[in-house]
>>> print(open('query-v1.cif').read())   # mmCIF, C-alpha atoms
data_work
#
loop_
_atom_site.group_PDB
_atom_site.id
_atom_site.type_symbol
_atom_site.label_atom_id
_atom_site.label_comp_id
_atom_site.auth_asym_id
_atom_site.auth_seq_id
_atom_site.Cartn_x
_atom_site.Cartn_y
_atom_site.Cartn_z
ATOM 1 C CA MET H 362 236.700 95.289 82.378
ATOM 2 C CA GLY H 363 233.179 94.102 82.759
ATOM 3 C CA PRO H 364 231.586 91.659 80.309
ATOM 4 C CA ILE H 365 229.197 94.330 78.996
ATOM 5 C CA VAL H 366 232.042 96.609 77.935
ATOM 6 C CA LEU H 367 233.862 93.627 76.327
ATOM 7 C CA THR H 368 230.776 92.712 74.285
ATOM 8 C CA GLY H 369 230.403 96.337 73.185
ATOM 9 C CA ILE H 370 233.981 96.460 71.919
ATOM 10 C CA GLY H 371 233.509 93.120 70.093
ATOM 11 C CA LEU H 372 230.366 94.380 68.371
ATOM 12 C CA ALA H 373 232.018 97.632 67.316
ATOM 13 C CA PHE H 374 234.911 95.638 65.828
ATOM 14 C CA VAL H 375 232.562 93.375 63.800
ATOM 15 C CA VAL H 376 230.603 96.388 62.519
ATOM 16 C CA GLY H 377 233.886 97.959 61.400
ATOM 17 C CA VAL H 378 234.969 94.816 59.498
ATOM 18 C CA VAL H 379 231.571 94.481 57.756
ATOM 19 C CA SER H 380 231.611 98.145 56.741
ATOM 20 C CA LEU H 381 235.034 97.672 55.161
ATOM 21 C CA ILE H 382 233.848 94.635 53.148
ATOM 22 C CA VAL H 383 230.719 96.460 51.909
ATOM 23 C CA TYR H 384 232.802 99.503 50.953
ATOM 24 C CA GLY H 385 235.166 97.226 48.970
ATOM 25 C CA ILE H 386 232.302 95.543 47.087
ATOM 26 C CA LEU H 387 230.654 98.873 46.223
ATOM 27 C CA THR H 388 233.904 100.374 44.900
ATOM 28 C CA TYR H 389 234.489 97.236 42.807
ATOM 29 C CA LEU H 390 230.975 97.349 41.340
ATOM 30 C CA GLY H 391 231.369 101.089 40.697
ATOM 31 C CA THR H 392 233.954 100.273 38.019
ATOM 32 C CA TYR H 393 231.132 98.715 35.834
ATOM 33 C CA PRO H 394 229.581 101.173 33.303
ATOM 34 C CA PHE H 395 226.095 102.312 34.282
ATOM 35 C CA THR H 396 223.432 101.327 31.719
ATOM 36 C CA SER H 397 219.632 101.511 31.526
ATOM 37 C CA VAL H 398 219.296 99.208 28.481
ATOM 38 C CA ARG H 399 217.784 95.786 29.228
ATOM 39 C CA THR H 400 220.261 93.199 28.099
ATOM 40 C CA ASN H 401 218.396 90.037 29.131
ATOM 41 C CA PRO H 402 218.234 87.909 25.943
ATOM 42 C CA MET H 403 214.609 86.925 26.787
ATOM 43 C CA SER H 404 213.528 90.558 26.534
ATOM 44 C CA ILE H 405 215.110 91.254 23.137
ATOM 45 C CA GLY H 406 213.141 91.046 19.912
ATOM 46 C CA ASP H 407 209.383 90.916 19.296
ATOM 47 C CA SER H 408 207.286 89.785 22.180
ATOM 48 C CA GLN H 409 206.359 86.171 21.591
ATOM 49 C CA ILE H 410 202.665 85.408 21.121
ATOM 50 C CA PRO H 411 201.543 81.829 21.798
ATOM 51 C CA PRO H 412 199.615 80.026 19.048
ATOM 52 C CA ALA H 413 195.802 80.190 18.945
ATOM 53 C CA PRO H 414 193.455 79.532 20.668
ATOM 54 C CA ARG H 415 194.435 82.073 23.311
ATOM 55 C CA ILE H 416 192.894 82.813 26.665
ATOM 56 C CA GLU H 417 189.451 84.336 26.190
ATOM 57 C CA GLU H 418 189.460 87.886 27.430
ATOM 58 C CA HIS H 419 185.673 88.217 27.506
ATOM 59 C CA PRO H 420 184.028 84.759 27.316
ATOM 60 C CA ALA H 421 180.515 86.124 27.805
ATOM 61 C CA ILE H 422 180.882 88.608 24.949
ATOM 62 C CA GLU H 423 182.402 86.017 22.629
ATOM 63 C CA ILE H 424 179.545 83.554 23.110
ATOM 64 C CA GLN H 425 177.046 86.394 22.673
ATOM 65 C CA GLN H 426 178.637 87.307 19.353
ATOM 66 C CA LEU H 427 178.524 83.682 18.197
ATOM 67 C CA HIS H 428 174.879 83.377 19.232
ATOM 68 C CA ALA H 429 174.027 86.586 17.375
ATOM 69 C CA GLN H 430 175.615 85.219 14.178
ATOM 70 C CA GLU H 431 173.758 81.916 14.587
ATOM 71 C CA ASP H 432 170.468 83.671 15.318
ATOM 72 C CA HIS H 433 170.851 85.722 12.167
ATOM 73 C CA ILE H 434 171.320 82.580 10.081
ATOM 74 C CA LEU H 435 168.487 80.745 11.861
ATOM 75 C CA THR H 436 165.926 83.513 11.322
ATOM 76 C CA THR H 437 166.591 85.019 7.872
ATOM 77 C CA TYR H 438 166.329 84.088 4.200
ATOM 78 C CA GLY H 439 169.545 84.035 2.201
ATOM 79 C CA TRP H 440 171.607 82.148 -0.332
ATOM 80 C CA THR H 441 173.654 79.088 0.478
ATOM 81 C CA ASP H 442 174.853 79.091 -3.148
ATOM 82 C CA LYS H 443 173.242 81.611 -5.466
ATOM 83 C CA ASN H 444 174.714 80.115 -8.654
ATOM 84 C CA LYS H 445 173.236 76.706 -7.904
ATOM 85 C CA GLY H 446 169.990 78.238 -6.633
ATOM 86 C CA ILE H 447 170.369 76.780 -3.132
ATOM 87 C CA VAL H 448 168.460 78.868 -0.613
ATOM 88 C CA ARG H 449 168.693 79.279 3.136
ATOM 89 C CA ILE H 450 165.373 79.571 4.984
ATOM 90 C CA PRO H 451 164.600 80.335 8.653
ATOM 91 C CA ILE H 452 164.539 77.314 10.935
ATOM 92 C CA ALA H 453 160.871 77.886 11.856
ATOM 93 C CA ARG H 454 159.920 77.797 8.158
ATOM 94 C CA ALA H 455 162.030 74.661 7.652
ATOM 95 C CA MET H 456 160.202 72.974 10.538
ATOM 96 C CA GLU H 457 156.813 73.736 8.978
ATOM 97 C CA LEU H 458 157.902 72.535 5.543
ATOM 98 C CA GLN H 459 159.486 69.352 6.856
ATOM 99 C CA LEU H 460 156.360 68.567 8.908
ATOM 100 C CA GLU H 461 154.208 69.104 5.802
ATOM 101 C CA ARG H 462 156.448 66.842 3.723
ATOM 102 C CA GLY H 463 156.618 64.333 6.565
ATOM 103 C CA PHE H 464 159.413 62.268 8.029
ATOM 104 C CA PRO H 465 159.907 58.730 6.777
ATOM 105 C CA THR H 466 158.263 56.606 9.460
ATOM 106 C CA ARG H 467 157.913 52.857 9.622
ATOM 107 C CA LYS H 468 154.443 51.334 9.604
ATOM 108 C CA GLU H 469 155.004 49.144 12.652
ATOM 109 C CA ALA H 470 154.125 50.796 15.990
ATOM 110 C CA PRO H 471 157.044 51.328 18.391
ATOM 111 C CA LYS H 472 157.582 48.433 20.784
ATOM 112 C CA GLN H 473 159.290 48.218 24.151
ATOM 113 C CA MET G 437 145.429 44.107 105.521
ATOM 114 C CA SER G 438 146.055 47.571 106.680
ATOM 115 C CA ARG G 439 145.316 50.535 104.489
ATOM 116 C CA ALA G 440 149.013 51.395 104.313
ATOM 117 C CA ARG G 441 149.997 47.875 103.121
ATOM 118 C CA ARG G 442 147.266 47.889 100.442
ATOM 119 C CA LEU G 443 148.538 51.195 99.148
ATOM 120 C CA LEU G 444 152.108 49.911 99.175
ATOM 121 C CA SER G 445 151.301 46.759 97.176
ATOM 122 C CA LEU G 446 149.302 48.811 94.661
ATOM 123 C CA ALA G 447 152.270 51.104 94.154
ATOM 124 C CA GLY G 448 154.449 48.004 93.712
ATOM 125 C CA LEU G 449 152.110 46.616 91.042
ATOM 126 C CA VAL G 450 151.993 49.897 89.150
ATOM 127 C CA SER G 451 155.769 50.292 89.119
ATOM 128 C CA ALA G 452 156.242 46.619 88.122
ATOM 129 C CA ALA G 453 153.888 47.221 85.155
ATOM 130 C CA GLY G 454 155.929 50.282 84.203
ATOM 131 C CA VAL G 455 159.224 48.384 84.362
ATOM 132 C CA MET G 456 157.818 45.433 82.383
ATOM 133 C CA GLY G 457 156.432 47.851 79.804
ATOM 134 C CA GLY G 458 160.010 48.919 79.210
ATOM 135 C CA CYS G 459 160.883 45.311 78.407
ATOM 136 C CA ARG G 460 158.559 45.107 75.380
ATOM 137 C CA GLN G 461 160.184 43.173 72.548
ATOM 138 C CA ASP G 462 157.394 42.837 70.000
ATOM 139 C CA MET G 463 158.907 44.835 67.069
ATOM 140 C CA HIS G 464 162.264 45.702 68.499
ATOM 141 C CA ASN G 465 163.987 42.495 67.611
ATOM 142 C CA GLN G 466 163.743 41.964 63.866
ATOM 143 C CA PRO G 467 165.080 38.675 62.626
ATOM 144 C CA ARG G 468 166.541 39.672 59.237
ATOM 145 C CA TYR G 469 169.835 39.529 57.383
ATOM 146 C CA LYS G 470 172.068 42.510 56.883
ATOM 147 C CA PRO G 471 173.087 43.103 53.246
ATOM 148 C CA LEU G 472 175.606 40.501 52.027
ATOM 149 C CA ALA G 473 175.463 38.576 55.335
ATOM 150 C CA ALA G 474 176.089 34.819 55.192
ATOM 151 C CA SER G 475 173.338 32.304 55.784
ATOM 152 C CA GLU G 476 173.275 28.627 56.595
ATOM 153 C CA PHE G 477 169.741 28.298 55.336
ATOM 154 C CA PHE G 478 170.537 28.356 51.598
ATOM 155 C CA ALA G 479 172.791 25.874 49.900
ATOM 156 C CA ASP G 480 175.050 28.525 48.373
ATOM 157 C CA GLY G 481 175.680 30.133 51.790
ATOM 158 C CA ARG G 482 174.333 33.514 50.703
ATOM 159 C CA SER G 483 171.421 35.224 52.421
ATOM 160 C CA ALA G 484 170.607 37.289 49.311
ATOM 161 C CA ARG G 485 168.877 35.433 46.479
ATOM 162 C CA PRO G 486 170.250 35.924 42.952
ATOM 163 C CA VAL G 487 167.731 37.287 40.417
ATOM 164 C CA VAL G 488 165.989 34.737 38.239
ATOM 165 C CA GLU G 489 167.814 34.217 34.965
ATOM 166 C CA GLY G 490 166.456 36.445 32.206
ATOM 167 C CA THR G 491 165.116 39.081 34.594
ATOM 168 C CA VAL G 492 164.729 42.532 32.978
ATOM 169 C CA ALA G 493 164.527 45.740 35.000
ATOM 170 C CA ARG G 494 161.350 47.727 34.441
ATOM 171 C CA GLY G 495 161.700 49.919 31.347
ATOM 172 C CA HIS G 496 164.796 48.094 30.101
ATOM 173 C CA LEU G 497 163.223 45.510 27.849
ATOM 174 C CA HIS G 498 164.604 46.613 24.510
ATOM 175 C CA ILE G 499 163.262 44.139 22.003
ATOM 176 C CA ASP G 500 162.567 46.879 19.452
ATOM 177 C CA GLN G 501 165.991 46.673 17.877
ATOM 178 C CA ALA G 502 165.526 49.514 15.401
ATOM 179 C CA ARG G 503 164.223 51.880 18.073
ATOM 180 C CA TYR G 504 167.052 51.262 20.530
ATOM 181 C CA THR G 505 170.041 50.757 18.228
ATOM 182 C CA GLY G 506 169.115 52.612 15.033
ATOM 183 C CA LYS G 507 170.064 49.450 13.158
ATOM 184 C CA GLU G 508 168.290 46.436 11.764
ATOM 185 C CA ASN G 509 170.332 43.414 10.778
ATOM 186 C CA GLY G 510 173.482 45.541 11.024
ATOM 187 C CA GLU G 511 172.181 48.210 8.617
ATOM 188 C CA ASP G 512 171.288 51.787 9.608
ATOM 189 C CA VAL G 513 167.507 52.164 9.460
ATOM 190 C CA THR G 514 166.062 54.768 7.098
ATOM 191 C CA GLU G 515 162.780 55.360 8.922
ATOM 192 C CA PHE G 516 161.832 56.823 12.294
ATOM 193 C CA PRO G 517 160.339 54.276 14.722
ATOM 194 C CA PHE G 518 157.488 56.669 15.666
ATOM 195 C CA PRO G 519 155.759 59.562 13.864
ATOM 196 C CA ILE G 520 157.495 62.944 14.355
ATOM 197 C CA THR G 521 155.191 65.762 15.474
ATOM 198 C CA LYS G 522 155.743 69.460 16.005
ATOM 199 C CA ALA G 523 156.239 68.807 19.733
ATOM 200 C CA ASP G 524 158.932 66.229 18.918
ATOM 201 C CA LEU G 525 160.781 68.783 16.780
ATOM 202 C CA VAL G 526 160.632 71.425 19.510
ATOM 203 C CA ARG G 527 161.987 68.898 21.990
ATOM 204 C CA GLY G 528 164.656 67.813 19.503
ATOM 205 C CA GLN G 529 165.691 71.422 18.968
ATOM 206 C CA GLU G 530 165.992 71.977 22.707
ATOM 207 C CA ARG G 531 168.048 68.799 23.254
ATOM 208 C CA PHE G 532 170.217 69.579 20.233
ATOM 209 C CA ASN G 533 171.006 73.077 21.476
ATOM 210 C CA ILE G 534 171.919 71.676 24.890
ATOM 211 C CA TYR G 535 173.994 68.650 23.941
ATOM 212 C CA CYS G 536 175.251 69.064 20.384
ATOM 213 C CA SER G 537 175.576 72.791 19.697
ATOM 214 C CA PRO G 538 178.665 73.351 21.880
ATOM 215 C CA CYS G 539 180.670 71.520 19.202
ATOM 216 C CA HIS G 540 178.449 71.393 16.101
ATOM 217 C CA SER G 541 177.091 74.981 16.614
ATOM 218 C CA ARG G 542 173.413 75.798 16.558
ATOM 219 C CA ILE G 543 173.431 75.950 12.766
ATOM 220 C CA GLY G 544 175.143 72.580 12.502
ATOM 221 C CA ASP G 545 178.245 73.652 10.581
ATOM 222 C CA GLY G 546 180.618 72.015 13.073
ATOM 223 C CA ASN G 547 182.134 75.298 14.307
ATOM 224 C CA GLY G 548 180.696 75.499 17.806
ATOM 225 C CA MET G 549 182.469 77.287 20.628
ATOM 226 C CA VAL G 550 184.291 74.158 21.822
ATOM 227 C CA VAL G 551 185.737 73.686 18.330
ATOM 228 C CA ARG G 552 186.709 77.382 18.155
ATOM 229 C CA ARG G 553 188.537 76.857 21.447
ATOM 230 C CA GLY G 554 190.715 74.106 20.009
ATOM 231 C CA PHE G 555 188.688 70.867 19.940
ATOM 232 C CA ARG G 556 188.795 68.664 16.871
ATOM 233 C CA GLN G 557 186.702 69.978 13.954
ATOM 234 C CA ALA G 558 183.193 68.551 14.342
ATOM 235 C CA ALA G 559 181.266 67.325 11.308
ATOM 236 C CA SER G 560 179.022 69.714 9.372
ATOM 237 C CA TYR G 561 175.517 68.317 8.880
ATOM 238 C CA HIS G 562 175.353 70.148 5.549
ATOM 239 C CA SER G 563 177.913 67.904 3.872
ATOM 240 C CA GLU G 564 176.632 65.715 1.071
ATOM 241 C CA LYS G 565 177.586 62.608 3.037
ATOM 242 C CA LEU G 566 175.421 63.518 6.029
ATOM 243 C CA ILE G 567 172.525 64.842 3.934
ATOM 244 C CA LYS G 568 172.342 61.400 2.326
ATOM 245 C CA ALA G 569 173.043 59.479 5.537
ATOM 246 C CA PRO G 570 170.089 57.415 6.828
ATOM 247 C CA VAL G 571 168.511 58.599 10.108
ATOM 248 C CA GLY G 572 169.728 55.447 11.818
ATOM 249 C CA HIS G 573 173.283 56.696 11.326
ATOM 250 C CA PHE G 574 172.623 59.801 13.447
ATOM 251 C CA PHE G 575 171.046 57.630 16.125
ATOM 252 C CA ASP G 576 174.045 55.318 16.049
ATOM 253 C CA VAL G 577 176.569 58.199 16.309
ATOM 254 C CA MET G 578 174.728 59.623 19.345
ATOM 255 C CA THR G 579 174.491 56.174 20.950
ATOM 256 C CA ASN G 580 178.043 54.967 20.405
ATOM 257 C CA GLY G 581 180.059 58.115 19.656
ATOM 258 C CA PHE G 582 182.108 58.654 16.514
ATOM 259 C CA GLY G 583 185.855 59.342 16.324
ATOM 260 C CA ALA G 584 186.655 62.133 18.762
ATOM 261 C CA MET G 585 182.976 62.561 19.618
ATOM 262 C CA PRO G 586 181.854 60.828 22.823
ATOM 263 C CA SER G 587 178.714 58.729 23.251
ATOM 264 C CA TYR G 588 175.596 60.559 24.423
ATOM 265 C CA ALA G 589 173.710 57.410 25.415
ATOM 266 C CA SER G 590 173.922 58.218 29.128
ATOM 267 C CA ARG G 591 172.718 61.797 28.670
ATOM 268 C CA VAL G 592 170.082 61.629 25.925
ATOM 269 C CA GLU G 593 167.147 59.197 26.168
ATOM 270 C CA PRO G 594 166.682 56.912 23.132
ATOM 271 C CA ASP G 595 163.477 58.618 21.938
ATOM 272 C CA ASP G 596 165.107 62.040 22.380
ATOM 273 C CA ARG G 597 167.931 60.840 20.109
ATOM 274 C CA TRP G 598 165.335 60.242 17.385
ATOM 275 C CA ARG G 599 163.918 63.716 18.016
ATOM 276 C CA ILE G 600 167.407 65.233 17.679
ATOM 277 C CA ALA G 601 167.896 63.289 14.428
ATOM 278 C CA ALA G 602 164.594 64.724 13.157
ATOM 279 C CA TYR G 603 165.734 68.236 14.087
ATOM 280 C CA ILE G 604 169.027 67.688 12.232
ATOM 281 C CA ARG G 605 166.922 66.881 9.134
ATOM 282 C CA VAL G 606 165.212 70.268 9.608
ATOM 283 C CA LEU G 607 168.596 71.998 9.964
ATOM 284 C CA GLN G 608 169.700 70.344 6.747
ATOM 285 C CA LEU G 609 166.592 71.524 4.897
ATOM 286 C CA SER G 610 167.019 75.081 6.229
ATOM 287 C CA GLU G 611 170.359 75.438 4.422
ATOM 288 C CA ASN G 612 169.507 73.373 1.376
ATOM 289 C CA ALA G 613 166.129 74.731 0.228
ATOM 290 C CA THR G 614 164.974 76.008 -3.156
ATOM 291 C CA ILE G 615 163.387 79.280 -4.201
ATOM 292 C CA GLU G 616 159.986 77.522 -4.173
ATOM 293 C CA ASP G 617 160.339 77.146 -0.398
ATOM 294 C CA VAL G 618 160.518 80.927 0.012
ATOM 295 C CA PRO G 619 157.157 82.717 0.410
ATOM 296 C CA PRO G 620 156.505 84.916 -2.681
ATOM 297 C CA GLU G 621 156.634 88.175 -0.722
ATOM 298 C CA GLN G 622 160.187 87.362 0.444
ATOM 299 C CA ARG G 623 161.527 86.538 -3.019
ATOM 300 C CA PRO G 624 162.294 90.045 -4.414
ATOM 301 C CA ALA G 625 164.507 90.901 -1.432
ATOM 302 C CA LEU G 626 166.285 87.577 -1.842
ATOM 303 C CA GLU G 627 166.890 88.046 -5.584
ATOM 304 C CA ASN G 628 168.847 91.223 -4.811
ATOM 305 C CA ALA G 629 170.802 89.719 -1.923
ATOM 306 C CA GLN G 630 174.161 88.073 -2.337
#
>>> encode(input="query-v1.cif", output="structure tokens")
Amino acid sequence: MGPIVLTGIGLAFVVGVVSLIVYGILTYLGTYPFTSVRTNPMSIGDSQIPPAPRIEEHPAIEIQQLHAQEDHILTTYGWTDKNKGIVRIPIARAMELQLERGFPTRKEAPKQ
Amino acid sequence: MSRARRLLSLAGLVSAAGVMGGCRQDMHNQPRYKPLAASEFFADGRSARPVVEGTVARGHLHIDQARYTGKENGEDVTEFPFPITKADLVRGQERFNIYCSPCHSRIGDGNGMVVRRGFRQAASYHSEKLIKAPVGHFFDVMTNGFGAMPSYASRVEPDDRWRIAAYIRVLQLSENATIEDVPPEQRPALENAQ
């Protein structure tokens, strides 16, 4: 017998043995009941949400919203505390008023 | 001398001049020390001379204590070192919005975006403590930092810190005004508002 034929027979034998082993494993596993329910303990119960602050989904929109709120406060009249009569005025108006009233400034000229 | 020899010696002279021109040394050899090189000329063995004691770099002579520390004899000053104009306020507003608003918010309530994203709660300028605080205190906080807040001395020039302090005073007034500060035509709408 030539070496090529010998190798062919050897290969066929190995393939046969492996097929037998795989068949055995599959029959053994076939005795387990089939189920589609996820039984991993990590996947049971409510999904866990990490504590705030969370990842920003839309950073640009969030900063826009904050700026819009701030702009509203910085440009409108309103009440800080209506019962105490404390009023909120636009920042431009506050600048004018504060300039009229003046900032406390020392008499001495600034030095180096 | 034959004509050929004269020509030959002339050519020799010209080429000698060319070669010697290549040997010029006038500015090519500069007798100077490389930085930090040693020298035997000075007693301390250094080629570089130390600056004269008491030397101050240009623009760094800060003898005006109040202007550059916000304090005088350890106490926060209560007055600005220079008169605040409209232009100063506009500059202060710009600097404030750049450097302070990320944490303190543009309205100064201490709920800027960085705080909303988990940083330590920043102070609200509308608290009684900070309304009463002398201006020097704001200058000092910007210069040296305060608690979790870092120093802004390297980012905000001293005079700009005063301008920011002036703008904070304006922010404080804007949320702590009285009905007399509201123009008469705006008052009816306000009376009905919440």
>>> resolve_selection(input="query-v1.cif", expression="the PyMOL selection byres ((chain G) within 7 of (chain H))", output="number ranges by chain")
G: 497-500, 515-520, 542-543, 553-554, 606-607, 609-615, 626, 630
>>> atom_distance(input="query-v1.cif", atom1="CA of His573 in chain G", atom2="CA of Met549 in chain G")
24.4 Å
>>> atom_distance(input="query-v1.cif", atom1="CA of Asp462 in chain G", atom2="CA of Ala474 in chain G")
25.2 Å
>>> closest_residue(input="query-v1.cif", among="G:Ala569, G:Val618, G:Val487, G:Val550", to="Ser537 in chain G", atoms="all atoms listed in the file")
G:Val550
>>> resolve_selection(input="query-v1.cif", expression="the PyMOL selection byres ((chain G and resi 578) around 10)", output="PDB file with C-alpha atoms, keeping the file's coordinate frame")
ATOM      1  CA  GLY G 506     169.115  52.612  15.033  1.00  0.00           C
ATOM      2  CA  CYS G 536     175.251  69.064  20.384  1.00  0.00           C
ATOM      3  CA  GLY G 572     169.728  55.447  11.818  1.00  0.00           C
ATOM      4  CA  HIS G 573     173.283  56.696  11.326  1.00  0.00           C
ATOM      5  CA  PHE G 574     172.623  59.801  13.447  1.00  0.00           C
ATOM      6  CA  PHE G 575     171.046  57.630  16.125  1.00  0.00           C
ATOM      7  CA  ASP G 576     174.045  55.318  16.049  1.00  0.00           C
ATOM      8  CA  VAL G 577     176.569  58.199  16.309  1.00  0.00           C
ATOM      9  CA  THR G 579     174.491  56.174  20.950  1.00  0.00           C
ATOM     10  CA  ASN G 580     178.043  54.967  20.405  1.00  0.00           C
ATOM     11  CA  GLY G 581     180.059  58.115  19.656  1.00  0.00           C
ATOM     12  CA  PHE G 582     182.108  58.654  16.514  1.00  0.00           C
ATOM     13  CA  MET G 585     182.976  62.561  19.618  1.00  0.00           C
ATOM     14  CA  PRO G 586     181.854  60.828  22.823  1.00  0.00           C
ATOM     15  CA  SER G 587     178.714  58.729  23.251  1.00  0.00           C
ATOM     16  CA  TYR G 588     175.596  60.559  24.423  1.00  0.00           C
ATOM     17  CA  ALA G 589     173.710  57.410  25.415  1.00  0.00           C
ATOM     18  CA  SER G 590     173.922  58.218  29.128  1.00  0.00           C
ATOM     19  CA  ARG G 591     172.718  61.797  28.670  1.00  0.00           C
ATOM     20  CA  VAL G 592     170.082  61.629  25.925  1.00  0.00           C
ATOM     21  CA  PRO G 594     166.682  56.912  23.132  1.00  0.00           C
ATOM     22  CA  ARG G 597     167.931  60.840  20.109  1.00  0.00           C
ATOM     23  CA  TRP G 598     165.335  60.242  17.385  1.00  0.00           C
ATOM     24  CA  ILE G 600     167.407  65.233  17.679  1.00  0.00           C
ATOM     25  CA  ALA G 601     167.896  63.289  14.428  1.00  0.00           C
TER      26      ALA G 601
END
>>> atom_distance(input="query-v1.cif", atom1="CA of Asp596 in chain G", atom2="CA of Arg556 in chain G")
25.2 Å
>>> residues_around(input="query-v1.cif", residues="Tyr469 in chain G", least_positions_apart="4", cutoff="9 Å", atoms="only C-alpha atoms", output="number ranges by chain")
G: 473-475, 483-484
>>> axis_aligned_box(input="query-v1.cif", around="range 408-426 of chain H", padding_each_side="6 Å", output="lines of an AutoDock Vina configuration file")
center_x = 192.2
center_y = 84.7
center_z = 23.4
size_x = 42.2
size_y = 22.3
size_z = 20.9
>>> closest_residue(input="query-v1.cif", among="G:Cys539, G:Ala602, G:Leu443, G:Ala584", to="Arg527 in chain G", atoms="all atoms listed in the file")
G:Ala602
